[in-house]
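Trainee: Questions regarding the structure given below will be posed in turn.
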Amino acid sequence: MRVDGTPTRTIRPLANAQAVEIIDQTALPHEYRWLRLSSLEAAAQAIGSMQVRGAPLIGVTAAYGVALAMLQGDDDATLLAAVATLAATRPTAVNLRWALTRMQRCLAPLPAAARAAAAWQEAARIADEDVEQCRQIGKHGLQLLRQRAGERGRLEIMTHCNAGWLATVDHGTALAPVYAAFDAGIDVHLWVSETRPRNQGLLTAWEAAQHGVPHTLIADNAAGLLLARGGIDAVIVGADRIAANGDVANKIGTYLKALAADDAAVPFYVAAPRSTIDFACPSGAAIPIEERAADELRIVHGRDSSGVCGQLRQLPAGEGVANPAFDITPARLVGALITERGCCPASSEGLLALYPEERHG
């Protein structure tokens with residue numbers, strides 16, 4: 001994708017292979033800046049503080065975090081400690097665990113002296129694979145959107161949280177079909193849910209503007225009314241984990257949109273790559289739900305009338321707060337899963353039809 005007309009990825013290794021740079025998503029949409037990560041600790045901090053967001057990008061950042069750790073030490077103890085440190089940052093997004101497992105399997109059999117170079121190569125492969133998988137998601141999702149466009153030749157799409165290219169290395173998951181439709185000349189308009197308390201919808205609006213996609217930002221709670229009124233052709237969201245039976249963990253509020261879409265007879269699609277599918281997880285009931293810090297609700301961030309970025313307390317420090325970061329949408333509410341291998345029903349058989357190598361026995 002492009003920022004100010006320049007082709008851009010969300011994470012990039014520096015030429016000397018001693019650090020990586022990420023787009024600091026906590027600064028958006030007010031400021032576009034890059035942050036240098038030169039240690040395992042910096043990578044873990046970036047994931048935990050949501051300077052990088054989105055399950056696929058979290059996984060890629062973790063892979064580079066292991067590579068950074070191998071610069072500090074290439075012994076078994078350092079490798080195991082790096083994997084454990086990064087795994088503890090975000091419990092719900094399975095891409096994190098997937099990437100760390102892949103890095104460990106790649107590096108553990110190697111001589112210590114070979115691990116640093118191999119780690120950078122493997123992390124780069126994971127990043128490149130993510131780009132291609134997201135491009136394929138856009139291709140397959142476009143077929144569904146063309147069907148929804150029908151004779152009108154236009155689309156009204158609703159999304160939730162940020163599942164665009166900022167949540168991946170490039171292209172995005174849920175927004176990849178939207179960008180593909182826009183690039184194909186389809187008249188598409190995007191309804192963007194702000195997604196409190198971290199307001200990831202603001203990131204979606206920012207990147208949609210960069211790509212020129214017409215869009216409108218809405219409060220989370222406005223989605224039900226808009227769906228009930230008619231005129232929305234489909235809802236597309238990403239995922240942080242898809243269980244083997246097709247249940248979906250995604251940003252809090254996704255379940256409510258799925259319920260409203262179901263009541264309004266609007267298709268509800270979930271787009272995600274293979275790394276988001278957890279075939280070892282039988283159902284959504286087994287997915288851990290991350291509880292975020294209470295101050296995410298007590299304090300809001302923004303820019304004041306003078307243009308200065310800062311924070312404002314909207315609740316007393318002692319106010320009791322519950323802040324679950326994700327919810328579970330049951331498979332019965334998902335019209336289709338969109339993956340890099342194609343589209344399928346949200347069911348164990350649907351997933352296994354696309355990934356037959358996961359069949360056991």
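If you're wondering about the labels, chains in the structure tokens are A, B, ... by order shown, residues count from 1 in each chain, ligands from 1 in order shown.
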Extract the full set of strand (DSSP E) residues from segment 77-274 of chain A according to DSSP on the backbone, and format it as a ChimeraX atom specification.

Mentor: /A:154-159,187-193,215-218,234-237,241-243,248-251,268-271

Trainee: List the spatial neighbours of Ala244 of chain A as a ChimeraX atom specification - criterion: any atom at most 9 Å away, only C-alpha atoms, same-chain residues fewer than 5 positions off excluded.

Mentor: /A:277-284,347-348,351-352

Trainee: Might you pull out every residue within 7 Å of Ala69 of chain A, with only C-alpha atoms counted and same-chain residues fewer than 2 positions away left off, and present them as an mmCIF file with N, CA and C atoms, in the first residue's frame?

Mentor:
```
data_model
loop_
_atom_site.group_PDB
_atom_site.id
_atom_site.type_symbol
_atom_site.label_atom_id
_atom_site.label_comp_id
_atom_site.auth_asym_id
_atom_site.auth_seq_id
_atom_site.Cartn_x
_atom_site.Cartn_y
_atom_site.Cartn_z
ATOM 1 N N SER A 39 16.130 -4.389 19.951
ATOM 2 C CA SER A 39 16.327 -5.417 20.970
ATOM 3 C C SER A 39 15.064 -6.239 21.140
ATOM 4 N N LEU A 40 15.217 -7.394 21.755
ATOM 5 C CA LEU A 40 14.069 -8.225 22.102
ATOM 6 C C LEU A 40 13.085 -7.446 22.954
ATOM 7 N N GLY A 65 11.507 -10.116 16.562
ATOM 8 C CA GLY A 65 11.969 -10.032 17.938
ATOM 9 C C GLY A 65 12.915 -11.161 18.292
ATOM 10 N N VAL A 66 12.616 -12.357 17.810
ATOM 11 C CA VAL A 66 13.527 -13.493 18.011
ATOM 12 C C VAL A 66 14.854 -13.227 17.307
ATOM 13 N N ALA A 67 14.787 -12.690 16.095
ATOM 14 C CA ALA A 67 16.018 -12.382 15.361
ATOM 15 C C ALA A 67 16.866 -11.363 16.116
ATOM 16 N N LEU A 71 20.911 -11.668 18.136
ATOM 17 C CA LEU A 71 22.062 -10.779 18.076
ATOM 18 C C LEU A 71 22.676 -10.581 19.464
ATOM 19 N N GLN A 72 21.841 -10.756 20.492
ATOM 20 C CA GLN A 72 22.308 -10.583 21.865
ATOM 21 C C GLN A 72 22.944 -11.864 22.411
ATOM 22 N N GLY A 73 22.492 -13.000 21.879
ATOM 23 C CA GLY A 73 23.007 -14.286 22.322
ATOM 24 C C GLY A 73 22.399 -15.384 21.486
ATOM 25 N N ALA A 82 13.640 -15.768 24.763
ATOM 26 C CA ALA A 82 13.041 -14.841 23.805
ATOM 27 C C ALA A 82 11.631 -15.285 23.433
#
```

Trainee: Taking only C-alpha atoms into account, which of A:Thr92, A:Gly138, A:Leu144, A:His160 comes nearest Pro288 of chain A?

Mentor: A:Thr92

Trainee: When distances are computed from only C-alpha atoms, which of A:Arg2, A:Lys251, A:Lys257, A:His301 shows the smallest separation from Gly224 of chain A?

Mentor: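 When distances to Gly224 of chain A are compared using only C-alpha atoms, the smallest one comes from A:Lys257.
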
Trainee: Return as CSV the residues of segment 192-230 of chain A lying at most 7 Å from segment 9-32 of chain A, together with the closest atom-to-atom pair for each and the distance in Å to one decimal, counting only C-alpha atoms, with rows in chain order and ascending residue number.

Mentor:
```
residue,atom,partner,partner_atom,distance
A:Leu202,CA,A:Pro29,CA,6.5
A:Leu203,CA,A:Pro29,CA,6.3
A:Trp206,CA,A:Pro29,CA,6.1
```

Trainee: Would you give me, as a list of chain:residue names, the residues in segment 215-259 of chain A that DSSP reads as helix (DSSP H, G or I)?

Mentor: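 Answer for segment 215-259 of chain A restricted to helix (DSSP H, G or I) is A:Asp220, A:Asn221, A:Ala222, A:Ala223, A:Gly224, A:Leu225, A:Leu226, A:Leu227, A:Ala228, A:Arg229, A:Thr254, A:Tyr255, A:Leu256, A:Lys257, A:Ala258, A:Leu259.
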
Trainee: Could you list, as a list in words, every residue within 10 Å of Glu132 of chain A, counting only C-alpha atoms and ignoring same-chain residues fewer than 6 positions away?

Mentor: Gly138, Val169, Asp170, His171, Pro273 and Glu340 of chain A

Trainee: Kindly export the residues of the current selection with all heavy atoms, as a short mmCIF file (atom, residue, chain, number, x, y, z; two decimals), in the first residue's frame.

Mentor:
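Produced file again.cif, reproduced below:
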```cif
data_model
loop_
_atom_site.label_atom_id
_atom_site.label_comp_id
_atom_site.auth_asym_id
_atom_site.auth_seq_id
_atom_site.Cartn_x
_atom_site.Cartn_y
_atom_site.Cartn_z
N GLY A 138 -7.39 -10.82 -0.63
CA GLY A 138 -8.06 -9.78 -1.41
C GLY A 138 -8.65 -10.31 -2.70
O GLY A 138 -9.77 -9.96 -3.08
N VAL A 169 1.55 -6.97 7.20
CA VAL A 169 2.74 -6.35 6.60
C VAL A 169 2.33 -5.50 5.40
O VAL A 169 2.87 -4.41 5.18
CB VAL A 169 3.76 -7.43 6.19
CG1 VAL A 169 5.00 -6.78 5.54
CG2 VAL A 169 4.19 -8.24 7.41
N ASP A 170 1.32 -5.96 4.66
CA ASP A 170 0.80 -5.21 3.52
C ASP A 170 -0.56 -5.80 3.11
O ASP A 170 -0.88 -6.92 3.47
CB ASP A 170 1.77 -5.26 2.34
CG ASP A 170 1.63 -4.07 1.39
OD1 ASP A 170 0.66 -3.30 1.55
OD2 ASP A 170 2.48 -3.91 0.51
N HIS A 171 -1.34 -5.03 2.41
CA HIS A 171 -2.65 -5.40 1.85
C HIS A 171 -3.76 -5.48 2.89
O HIS A 171 -4.86 -4.98 2.67
CB HIS A 171 -2.59 -6.73 1.07
CG HIS A 171 -1.72 -6.68 -0.13
ND1 HIS A 171 -2.06 -5.97 -1.25
CD2 HIS A 171 -0.53 -7.26 -0.39
CE1 HIS A 171 -1.12 -6.11 -2.16
NE2 HIS A 171 -0.16 -6.88 -1.66
N PRO A 273 -5.58 -15.16 7.38
CA PRO A 273 -4.68 -16.15 6.78
C PRO A 273 -4.59 -17.41 7.63
O PRO A 273 -5.12 -17.47 8.75
CB PRO A 273 -3.33 -15.41 6.77
CG PRO A 273 -3.41 -14.53 7.99
CD PRO A 273 -4.85 -14.10 8.09
N GLU A 340 -6.36 -17.25 2.30
CA GLU A 340 -5.49 -17.19 1.12
C GLU A 340 -5.73 -18.34 0.16
O GLU A 340 -5.34 -18.28 -1.00
CB GLU A 340 -4.01 -17.14 1.55
CG GLU A 340 -3.40 -18.46 1.97
CD GLU A 340 -3.81 -18.89 3.38
OE1 GLU A 340 -4.55 -18.15 4.06
OE2 GLU A 340 -3.35 -19.96 3.82
#
```

Trainee: Could you check the closest approach to Arg154 of chain A for each of A:Ala234, A:Ala223, A:Ala124, A:Leu337 and tell me which residue wins, using only C-alpha atoms?

Mentor: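 Closest to Arg154 of chain A, using only C-alpha atoms: A:Ala234.
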
Trainee: When distances are computed from only C-alpha atoms, which of A:Leu259, A:Val235, A:Ala265, A:Ala180 shows the smallest separation from Ile157 of chain A?

Mentor: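 Of all the options, A:Val235 lies closest to Ile157 of chain A.
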
Trainee: For segment 148-152 of chain A, work out the shell of residues within 12 Å, counting only C-alpha atoms and skipping chain neighbours fewer than 3 positions away, then give it as a list in words.

Mentor: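 Answer for this query is Gly141, Leu142, Gln143, Leu144, Leu145, Leu155, Glu156, Ile157, Val178, Ala181, Phe182, Gly185, Ile186, Asp187, Val188, His189, Gly231, Ile232, Asp233, Ala234, Val235, Val266, Pro267 and Phe268 of chain A.
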
Trainee: Keeping only N, CA and C atoms, write the selected residues to a file as a PDB file, in the first residue's frame.

Mentor:
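Ended up saving to part-v9.pdb:
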```pdb
ATOM      1  N   GLY A 141     -11.671 -12.597  -1.743  1.00  0.00           N
ATOM      2  CA  GLY A 141     -12.756 -11.789  -1.197  1.00  0.00           C
ATOM      3  C   GLY A 141     -13.423 -10.930  -2.248  1.00  0.00           C
ATOM      4  N   LEU A 142     -12.660 -10.506  -3.238  1.00  0.00           N
ATOM      5  CA  LEU A 142     -13.225  -9.698  -4.317  1.00  0.00           C
ATOM      6  C   LEU A 142     -14.327 -10.454  -5.045  1.00  0.00           C
ATOM      7  N   GLN A 143     -14.167 -11.759  -5.184  1.00  0.00           N
ATOM      8  CA  GLN A 143     -15.207 -12.548  -5.845  1.00  0.00           C
ATOM      9  C   GLN A 143     -16.526 -12.468  -5.079  1.00  0.00           C
ATOM     10  N   LEU A 144     -16.456 -12.519  -3.752  1.00  0.00           N
ATOM     11  CA  LEU A 144     -17.671 -12.379  -2.953  1.00  0.00           C
ATOM     12  C   LEU A 144     -18.272 -10.981  -3.098  1.00  0.00           C
ATOM     13  N   LEU A 145     -17.422  -9.980  -3.096  1.00  0.00           N
ATOM     14  CA  LEU A 145     -17.923  -8.613  -3.189  1.00  0.00           C
ATOM     15  C   LEU A 145     -18.530  -8.331  -4.554  1.00  0.00           C
ATOM     16  N   LEU A 155     -20.945  -0.821  -3.784  1.00  0.00           N
ATOM     17  CA  LEU A 155     -20.923  -1.577  -2.543  1.00  0.00           C
ATOM     18  C   LEU A 155     -20.888  -0.651  -1.341  1.00  0.00           C
ATOM     19  N   GLU A 156     -21.665  -1.009  -0.327  1.00  0.00           N
ATOM     20  CA  GLU A 156     -21.591  -0.376   0.986  1.00  0.00           C
ATOM     21  C   GLU A 156     -21.099  -1.447   1.954  1.00  0.00           C
ATOM     22  N   ILE A 157     -19.883  -1.291   2.445  1.00  0.00           N
ATOM     23  CA  ILE A 157     -19.246  -2.301   3.287  1.00  0.00           C
ATOM     24  C   ILE A 157     -19.010  -1.741   4.691  1.00  0.00           C
ATOM     25  N   VAL A 178     -11.689  -5.080  -0.004  1.00  0.00           N
ATOM     26  CA  VAL A 178     -12.209  -3.729  -0.246  1.00  0.00           C
ATOM     27  C   VAL A 178     -11.259  -2.951  -1.138  1.00  0.00           C
ATOM     28  N   ALA A 181     -11.505  -4.342  -4.605  1.00  0.00           N
ATOM     29  CA  ALA A 181     -12.717  -3.868  -5.286  1.00  0.00           C
ATOM     30  C   ALA A 181     -12.537  -2.434  -5.769  1.00  0.00           C
ATOM     31  N   PHE A 182     -11.986  -1.603  -4.921  1.00  0.00           N
ATOM     32  CA  PHE A 182     -11.756  -0.203  -5.297  1.00  0.00           C
ATOM     33  C   PHE A 182     -10.805  -0.114  -6.482  1.00  0.00           C
ATOM     34  N   GLY A 185     -12.220  -0.782  -9.858  1.00  0.00           N
ATOM     35  CA  GLY A 185     -13.154   0.198 -10.404  1.00  0.00           C
ATOM     36  C   GLY A 185     -14.554   0.105  -9.861  1.00  0.00           C
ATOM     37  N   ILE A 186     -14.778  -0.745  -8.842  1.00  0.00           N
ATOM     38  CA  ILE A 186     -16.101  -0.845  -8.228  1.00  0.00           C
ATOM     39  C   ILE A 186     -16.320   0.361  -7.319  1.00  0.00           C
ATOM     40  N   ASP A 187     -17.497   0.927  -7.368  1.00  0.00           N
ATOM     41  CA  ASP A 187     -17.862   2.052  -6.512  1.00  0.00           C
ATOM     42  C   ASP A 187     -18.114   1.515  -5.110  1.00  0.00           C
ATOM     43  N   VAL A 188     -17.143   1.678  -4.222  1.00  0.00           N
ATOM     44  CA  VAL A 188     -17.225   1.106  -2.887  1.00  0.00           C
ATOM     45  C   VAL A 188     -17.139   2.207  -1.838  1.00  0.00           C
ATOM     46  N   HIS A 189     -17.967   2.067  -0.811  1.00  0.00           N
ATOM     47  CA  HIS A 189     -17.950   2.994   0.318  1.00  0.00           C
ATOM     48  C   HIS A 189     -17.824   2.168   1.586  1.00  0.00           C
ATOM     49  N   GLY A 231     -29.248  -1.129   3.206  1.00  0.00           N
ATOM     50  CA  GLY A 231     -28.260  -0.424   2.401  1.00  0.00           C
ATOM     51  C   GLY A 231     -26.839  -0.900   2.601  1.00  0.00           C
ATOM     52  N   ILE A 232     -26.569  -1.652   3.691  1.00  0.00           N
ATOM     53  CA  ILE A 232     -25.247  -2.233   3.888  1.00  0.00           C
ATOM     54  C   ILE A 232     -25.204  -3.572   3.164  1.00  0.00           C
ATOM     55  N   ASP A 233     -24.232  -3.757   2.281  1.00  0.00           N
ATOM     56  CA  ASP A 233     -24.166  -4.977   1.483  1.00  0.00           C
ATOM     57  C   ASP A 233     -23.465  -6.128   2.188  1.00  0.00           C
ATOM     58  N   ALA A 234     -22.524  -5.809   3.058  1.00  0.00           N
ATOM     59  CA  ALA A 234     -21.798  -6.863   3.771  1.00  0.00           C
ATOM     60  C   ALA A 234     -21.011  -6.244   4.905  1.00  0.00           C
ATOM     61  N   VAL A 235     -20.741  -7.067   5.912  1.00  0.00           N
ATOM     62  CA  VAL A 235     -19.813  -6.714   6.988  1.00  0.00           C
ATOM     63  C   VAL A 235     -18.594  -7.621   6.831  1.00  0.00           C
ATOM     64  N   VAL A 266     -27.772  -9.419   6.554  1.00  0.00           N
ATOM     65  CA  VAL A 266     -26.591  -8.894   5.859  1.00  0.00           C
ATOM     66  C   VAL A 266     -25.461  -9.896   6.027  1.00  0.00           C
ATOM     67  N   PRO A 267     -24.794 -10.316   4.963  1.00  0.00           N
ATOM     68  CA  PRO A 267     -23.697 -11.284   5.089  1.00  0.00           C
ATOM     69  C   PRO A 267     -22.583 -10.763   5.992  1.00  0.00           C
ATOM     70  N   PHE A 268     -22.067 -11.655   6.830  1.00  0.00           N
ATOM     71  CA  PHE A 268     -20.994 -11.317   7.753  1.00  0.00           C
ATOM     72  C   PHE A 268     -19.805 -12.207   7.416  1.00  0.00           C
TER      73      PHE A 268
END
```

Trainee: Mind checking which residues fall within 10 Å of Pro91 of chain A, counting only C-alpha atoms, ignoring those fewer than 5 positions away in the same chain, and posting them as a PyMOL selection string?

Mentor: chain A and resi 96-97+240+287-291

Trainee: Could you check the closest approach to Gly153 of chain A for each of A:Ala184, A:Thr195, A:Gly320, A:Gly172 and tell me which residue wins, using only C-alpha atoms?

Mentor: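 Closest to Gly153 of chain A, using only C-alpha atoms: A:Ala184.
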
Trainee: Looking at only C-alpha atoms, which of A:Val131, A:Ala119, A:Leu226, A:Leu354 is the one that sits closest to Thr168 of chain A?

Mentor: A:Val131
